[in-house]
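Text of data.cif (mmCIF, C-alpha atoms, pLDDT in the B column; chains and numbers go by the auth columns) as supplied:
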data_query
#
loop_
_atom_site.group_PDB
_atom_site.id
_atom_site.type_symbol
_atom_site.label_atom_id
_atom_site.label_comp_id
_atom_site.label_asym_id
_atom_site.label_seq_id
_atom_site.Cartn_x
_atom_site.Cartn_y
_atom_site.Cartn_z
_atom_site.B_iso_or_equiv
_atom_site.auth_seq_id
_atom_site.auth_asym_id
ATOM 1 C CA MET A 1 22.645 35.135 -34.663 62.00 3 K
ATOM 2 C CA GLY A 2 20.949 35.620 -31.324 79.00 4 K
ATOM 3 C CA HIS A 3 17.326 36.544 -30.819 82.00 5 K
ATOM 4 C CA LYS A 4 18.240 39.982 -29.401 84.00 6 K
ATOM 5 C CA LYS A 5 20.474 40.848 -32.340 88.00 7 K
ATOM 6 C CA THR A 6 17.823 39.761 -34.869 90.00 8 K
ATOM 7 C CA LYS A 7 15.188 41.799 -33.050 89.00 9 K
ATOM 8 C CA LYS A 8 17.458 44.865 -33.099 91.00 10 K
ATOM 9 C CA ILE A 9 18.088 44.486 -36.845 92.00 11 K
ATOM 10 C CA VAL A 10 14.355 44.163 -37.509 93.00 12 K
ATOM 11 C CA TYR A 11 13.569 47.286 -35.470 93.00 13 K
ATOM 12 C CA LEU A 12 16.338 49.244 -37.183 95.00 14 K
ATOM 13 C CA ALA A 13 14.976 48.154 -40.567 95.00 15 K
ATOM 14 C CA LEU A 14 11.484 49.295 -39.555 95.00 16 K
ATOM 15 C CA LEU A 15 12.815 52.608 -38.261 96.00 17 K
ATOM 16 C CA SER A 16 14.783 53.041 -41.494 96.00 18 K
ATOM 17 C CA ALA A 17 11.609 52.406 -43.490 96.00 19 K
ATOM 18 C CA LEU A 18 9.757 54.964 -41.381 95.00 20 K
ATOM 19 C CA ALA A 19 12.546 57.511 -41.938 95.00 21 K
ATOM 20 C CA ILE A 20 12.427 56.854 -45.693 94.00 22 K
ATOM 21 C CA ILE A 21 8.664 57.362 -45.770 93.00 23 K
ATOM 22 C CA LEU A 22 8.880 60.569 -43.739 93.00 24 K
ATOM 23 C CA HIS A 23 11.747 61.861 -45.897 88.00 25 K
ATOM 24 C CA THR A 24 9.757 61.161 -49.055 86.00 26 K
ATOM 25 C CA VAL A 25 6.626 62.815 -47.643 87.00 27 K
ATOM 26 C CA ASP A 26 8.738 65.815 -46.598 83.00 28 K
ATOM 27 C CA HIS A 27 10.137 66.004 -50.133 76.00 29 K
ATOM 28 C CA TYR A 28 6.640 66.451 -51.540 78.00 30 K
ATOM 29 C CA LEU A 29 5.332 68.688 -48.717 77.00 31 K
ATOM 30 C CA SER A 30 7.988 71.333 -49.197 63.00 32 K
ATOM 31 C CA SER A 31 6.323 73.113 -52.126 59.00 33 K
ATOM 32 C CA PRO A 32 4.400 75.730 -50.051 61.00 34 K
ATOM 33 C CA LEU A 33 7.544 76.551 -48.045 59.00 35 K
ATOM 34 C CA PRO A 34 10.311 78.911 -49.200 64.00 36 K
ATOM 35 C CA LEU A 35 12.760 77.373 -51.658 65.00 37 K
ATOM 36 C CA GLY A 36 14.865 74.695 -50.010 64.00 38 K
ATOM 37 C CA VAL A 37 13.072 74.777 -46.656 72.00 39 K
ATOM 38 C CA LYS A 38 11.800 71.422 -45.454 77.00 40 K
ATOM 39 C CA LEU A 39 10.177 70.393 -42.200 81.00 41 K
ATOM 40 C CA GLY A 40 12.797 67.721 -41.549 86.00 42 K
ATOM 41 C CA ILE A 41 10.281 65.245 -40.169 91.00 43 K
ATOM 42 C CA ALA A 42 12.545 62.291 -40.991 92.00 44 K
ATOM 43 C CA ASN A 43 14.970 63.658 -38.413 94.00 45 K
ATOM 44 C CA ILE A 44 12.479 62.596 -35.749 96.00 46 K
ATOM 45 C CA VAL A 45 13.548 59.027 -36.453 96.00 47 K
ATOM 46 C CA ALA A 46 17.230 59.953 -36.162 96.00 48 K
ATOM 47 C CA LEU A 47 16.541 61.455 -32.733 96.00 49 K
ATOM 48 C CA LEU A 48 14.657 58.327 -31.676 95.00 50 K
ATOM 49 C CA VAL A 49 17.360 55.966 -32.905 96.00 51 K
ATOM 50 C CA VAL A 50 20.215 57.874 -31.269 95.00 52 K
ATOM 51 C CA ASP A 51 18.287 57.956 -27.997 92.00 53 K
ATOM 52 C CA ILE A 52 17.199 54.302 -28.016 93.00 54 K
ATOM 53 C CA TYR A 53 20.175 52.606 -29.684 94.00 55 K
ATOM 54 C CA GLY A 54 23.076 55.007 -30.114 94.00 56 K
ATOM 55 C CA THR A 55 25.075 56.932 -32.674 95.00 57 K
ATOM 56 C CA LYS A 56 26.316 54.036 -34.800 96.00 58 K
ATOM 57 C CA GLU A 57 22.768 52.900 -35.437 96.00 59 K
ATOM 58 C CA MET A 58 21.672 56.482 -36.177 96.00 60 K
ATOM 59 C CA PHE A 59 24.361 56.746 -38.872 96.00 61 K
ATOM 60 C CA VAL A 60 23.133 53.473 -40.435 95.00 62 K
ATOM 61 C CA VAL A 61 19.483 54.583 -40.445 96.00 63 K
ATOM 62 C CA ASN A 62 20.386 58.005 -41.872 96.00 64 K
ATOM 63 C CA PHE A 63 22.558 56.417 -44.569 94.00 65 K
ATOM 64 C CA PHE A 64 19.742 54.146 -45.741 93.00 66 K
ATOM 65 C CA ARG A 65 17.247 56.994 -45.500 93.00 67 K
ATOM 66 C CA VAL A 66 19.224 59.278 -47.799 93.00 68 K
ATOM 67 C CA ILE A 67 20.177 56.630 -50.379 93.00 69 K
ATOM 68 C CA ILE A 68 16.777 54.941 -50.682 93.00 70 K
ATOM 69 C CA SER A 69 14.852 58.232 -50.564 89.00 71 K
ATOM 70 C CA GLY A 70 17.076 59.493 -53.376 88.00 72 K
ATOM 71 C CA LEU A 71 16.112 56.439 -55.405 90.00 73 K
ATOM 72 C CA LEU A 72 12.391 56.791 -54.617 86.00 74 K
ATOM 73 C CA THR A 73 12.167 60.510 -55.361 83.00 75 K
ATOM 74 C CA GLY A 74 14.339 60.287 -58.469 85.00 76 K
ATOM 75 C CA THR A 75 16.949 62.662 -57.082 82.00 77 K
ATOM 76 C CA LEU A 76 19.829 60.190 -56.686 84.00 78 K
ATOM 77 C CA MET A 77 23.039 61.987 -57.769 83.00 79 K
ATOM 78 C CA HIS A 78 21.042 65.186 -58.376 86.00 80 K
ATOM 79 C CA TYR A 79 22.142 68.334 -56.546 83.00 81 K
ATOM 80 C CA THR A 80 19.259 67.941 -54.065 83.00 82 K
ATOM 81 C CA PHE A 81 20.522 64.456 -53.201 89.00 83 K
ATOM 82 C CA LEU A 82 24.053 65.789 -52.716 90.00 84 K
ATOM 83 C CA MET A 83 22.697 68.585 -50.515 87.00 85 K
ATOM 84 C CA SER A 84 20.786 66.017 -48.487 88.00 86 K
ATOM 85 C CA CYS A 85 23.965 63.968 -48.050 92.00 87 K
ATOM 86 C CA GLY A 86 25.916 67.003 -46.881 93.00 88 K
ATOM 87 C CA GLY A 87 23.216 68.042 -44.459 93.00 89 K
ATOM 88 C CA VAL A 88 22.651 64.579 -43.043 94.00 90 K
ATOM 89 C CA PHE A 89 26.375 63.952 -42.657 96.00 91 K
ATOM 90 C CA LEU A 90 27.113 67.190 -40.785 96.00 92 K
ATOM 91 C CA SER A 91 23.986 67.042 -38.623 96.00 93 K
ATOM 92 C CA SER A 92 24.616 63.375 -37.765 96.00 94 K
ATOM 93 C CA VAL A 93 28.206 64.056 -36.707 97.00 95 K
ATOM 94 C CA VAL A 94 27.139 67.013 -34.569 97.00 96 K
ATOM 95 C CA LEU A 95 24.203 65.054 -33.119 95.00 97 K
ATOM 96 C CA ALA A 96 26.554 62.206 -32.175 95.00 98 K
ATOM 97 C CA LEU A 97 28.999 64.621 -30.531 96.00 99 K
ATOM 98 C CA LEU A 98 26.251 66.428 -28.630 96.00 100 K
ATOM 99 C CA LYS A 99 24.749 63.179 -27.340 93.00 101 K
ATOM 100 C CA ARG A 100 28.171 61.948 -26.225 93.00 102 K
ATOM 101 C CA TYR A 101 29.655 65.078 -24.671 95.00 103 K
ATOM 102 C CA THR A 102 26.709 67.157 -23.445 95.00 104 K
ATOM 103 C CA LYS A 103 23.591 66.797 -21.363 94.00 105 K
ATOM 104 C CA LEU A 104 21.559 69.154 -23.535 96.00 106 K
ATOM 105 C CA PRO A 105 17.831 68.465 -23.768 96.00 107 K
ATOM 106 C CA LEU A 106 16.607 66.721 -26.913 95.00 108 K
ATOM 107 C CA VAL A 107 14.911 69.858 -28.272 96.00 109 K
ATOM 108 C CA SER A 108 18.168 71.835 -28.034 96.00 110 K
ATOM 109 C CA ILE A 109 20.062 69.009 -29.737 96.00 111 K
ATOM 110 C CA SER A 110 17.392 68.909 -32.444 96.00 112 K
ATOM 111 C CA ILE A 111 17.679 72.650 -33.116 96.00 113 K
ATOM 112 C CA ILE A 112 21.482 72.495 -33.314 96.00 114 K
ATOM 113 C CA ALA A 113 21.300 69.460 -35.607 96.00 115 K
ATOM 114 C CA ALA A 114 18.782 71.279 -37.849 95.00 116 K
ATOM 115 C CA ILE A 115 21.098 74.284 -38.048 95.00 117 K
ATOM 116 C CA CYS A 116 24.044 72.032 -38.922 96.00 118 K
ATOM 117 C CA HIS A 117 21.947 70.214 -41.509 93.00 119 K
ATOM 118 C CA ASN A 118 21.289 73.489 -43.309 91.00 120 K
ATOM 119 C CA ILE A 119 24.916 74.596 -43.034 92.00 121 K
ATOM 120 C CA GLY A 120 25.985 71.266 -44.558 93.00 122 K
ATOM 121 C CA GLN A 121 23.509 71.720 -47.387 88.00 123 K
ATOM 122 C CA MET A 122 24.718 75.225 -48.156 87.00 124 K
ATOM 123 C CA PHE A 123 28.360 74.158 -48.220 89.00 125 K
ATOM 124 C CA VAL A 124 27.544 71.345 -50.641 90.00 126 K
ATOM 125 C CA ILE A 125 25.530 73.548 -53.007 87.00 127 K
ATOM 126 C CA SER A 126 28.259 76.214 -52.951 86.00 128 K
ATOM 127 C CA PHE A 127 30.783 73.513 -53.876 88.00 129 K
ATOM 128 C CA VAL A 128 28.539 72.008 -56.586 86.00 130 K
ATOM 129 C CA ILE A 129 27.919 75.339 -58.318 85.00 131 K
ATOM 130 C CA SER A 130 31.474 76.547 -57.553 82.00 132 K
ATOM 131 C CA SER A 131 30.169 79.786 -56.126 80.00 133 K
ATOM 132 C CA ALA A 132 29.311 81.318 -52.788 76.00 134 K
ATOM 133 C CA ALA A 133 26.513 83.327 -54.417 78.00 135 K
ATOM 134 C CA LEU A 134 23.820 81.362 -52.570 77.00 136 K
ATOM 135 C CA MET A 135 25.443 81.724 -49.154 78.00 137 K
ATOM 136 C CA PRO A 136 23.268 84.715 -48.098 81.00 138 K
ATOM 137 C CA TYR A 137 20.298 82.328 -48.357 78.00 139 K
ATOM 138 C CA ILE A 138 21.753 80.588 -45.308 83.00 140 K
ATOM 139 C CA PHE A 139 19.933 83.149 -43.172 88.00 141 K
ATOM 140 C CA VAL A 140 16.548 81.963 -44.485 84.00 142 K
ATOM 141 C CA MET A 141 17.586 78.361 -43.888 85.00 143 K
ATOM 142 C CA LEU A 142 18.887 79.089 -40.391 88.00 144 K
ATOM 143 C CA ALA A 143 15.708 80.967 -39.477 89.00 145 K
ATOM 144 C CA ALA A 144 13.704 77.917 -40.589 87.00 146 K
ATOM 145 C CA SER A 145 15.982 75.612 -38.557 91.00 147 K
ATOM 146 C CA ILE A 146 14.725 76.886 -35.239 93.00 148 K
ATOM 147 C CA PRO A 147 10.993 76.110 -35.579 92.00 149 K
ATOM 148 C CA THR A 148 11.638 72.876 -37.490 92.00 150 K
ATOM 149 C CA GLY A 149 14.219 71.797 -34.898 95.00 151 K
ATOM 150 C CA ILE A 150 11.735 72.522 -32.126 96.00 152 K
ATOM 151 C CA LEU A 151 9.002 70.594 -33.979 94.00 153 K
ATOM 152 C CA THR A 152 11.154 67.499 -34.546 95.00 154 K
ATOM 153 C CA GLY A 153 12.582 67.603 -31.027 97.00 155 K
ATOM 154 C CA LEU A 154 9.181 67.898 -29.351 97.00 156 K
ATOM 155 C CA THR A 155 7.738 65.155 -31.547 96.00 157 K
ATOM 156 C CA ALA A 156 10.651 62.834 -30.696 96.00 158 K
ATOM 157 C CA ILE A 157 10.135 63.520 -26.982 96.00 159 K
ATOM 158 C CA GLU A 158 6.423 62.675 -27.257 96.00 160 K
ATOM 159 C CA VAL A 159 7.174 59.441 -29.118 94.00 161 K
ATOM 160 C CA LEU A 160 9.821 58.463 -26.553 93.00 162 K
ATOM 161 C CA LYS A 161 7.285 59.018 -23.742 91.00 163 K
ATOM 162 C CA ARG A 162 4.866 56.594 -25.389 90.00 164 K
ATOM 163 C CA VAL A 163 7.240 53.847 -26.434 88.00 165 K
ATOM 164 C CA LYS A 164 8.471 51.050 -24.198 77.00 166 K
ATOM 165 C CA ARG A 165 12.261 51.156 -24.529 71.00 167 K
ATOM 166 C CA GLU A 166 12.675 47.569 -23.367 70.00 168 K
ATOM 167 C CA GLN A 167 10.642 46.502 -26.397 71.00 169 K
ATOM 168 C CA PHE A 168 13.479 47.725 -28.633 73.00 170 K
ATOM 169 C CA GLN A 169 16.259 45.975 -26.721 70.00 171 K
#

Can the structure from this file be put into structure tokens for me?
Amino acid sequence: MGHKKTKKIVYLALLSALAIILHTVDHYLSSPLPLGVKLGIANIVALLVVDIYGTKEMFVVNFFRVIISGLLTGTLMHYTFLMSCGGVFLSSVVLALLKRYTKLPLVSISIIAAICHNIGQMFVISFVISSAALMPYIFVMLAASIPTGILTGLTAIEVLKRVKREQFQ
């Protein structure tokens, strides 16, 4: 294995660890927020990875983030874990499509991904409880998506300004 490939794997592992830490912190910070609303700070890492490396690497980092965070927070195979999977899957697919087919700014992509994350979560919970009774709550989640999407997008932009991209290559 070449030096460049090893370096890339190491950086992706470090970024995955950072995403796991941020996801776990976000899990415990959510208590003062309305039910189900999270800041989504781990999505900062997804935005960084997709910008620096690409979509395939973002999917890998997000996969490890969700699985390992589920283990660490004790929610693996719990409805919150399944909601996280649904949200991460939908937002990752949309993020990949937006990065590939549009020239939208990172903040706009972040907001759209946050909205899709919440839509994915609501679809999963409606499926798990076999009812659409919680679907009106989507409006609370969508309203929270805008400021959290702006926050994660702006933070990712600031990090990207300060990091030397060639260091990651």

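Proximity to Val165 of chain K was assessed for K:Val62, K:Leu74, K:Ile54, K:Leu24 counting only C-alpha atoms; the smallest distance is recorded for K:Ile54.
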
Quiz item: Which residues come within 9 Å of segment 112-123 of chain K, counting only C-alpha atoms, excluding same-chain residues fewer than 3 positions away, as a PyMOL selection string?
Solution: chain K and resi 39+42+45-46+49+82+84-97+107-109+126-128+140+143-156

Self-check item: Nearby residues (all atoms listed in the file) at most 6 Å from segment 15-23 of chain K, same-chain spacing under 3 positions excluded, as JSON, numbers by chain
Solution: {"K": [12, 26, 44, 47, 63, 67, 71]}

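Atom CA of Ala48 of chain K sits 15.4 Å away from atom CA of Lys10 of chain K.
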
Exercise. Report as number ranges by chain the full result of the PyMOL selection byres ((chain K and resi 53) around 10) when it is applied to this structure.
Key: K: 47-52, 54-57, 60, 101, 108, 158-159, 162, 167

Quiz item: the PyMOL selection byres ((chain K and resi 75) around 10) on the file shown: which residues, as a PyMOL selection string?
Solution: chain K and resi 25-27+29-30+70-74+76-78+83

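Here the question is which of K:Val130, K:Met124, K:Leu99, K:Ile111 gets nearest to Met79 of chain K using only C-alpha atoms, and that residue is K:Val130.
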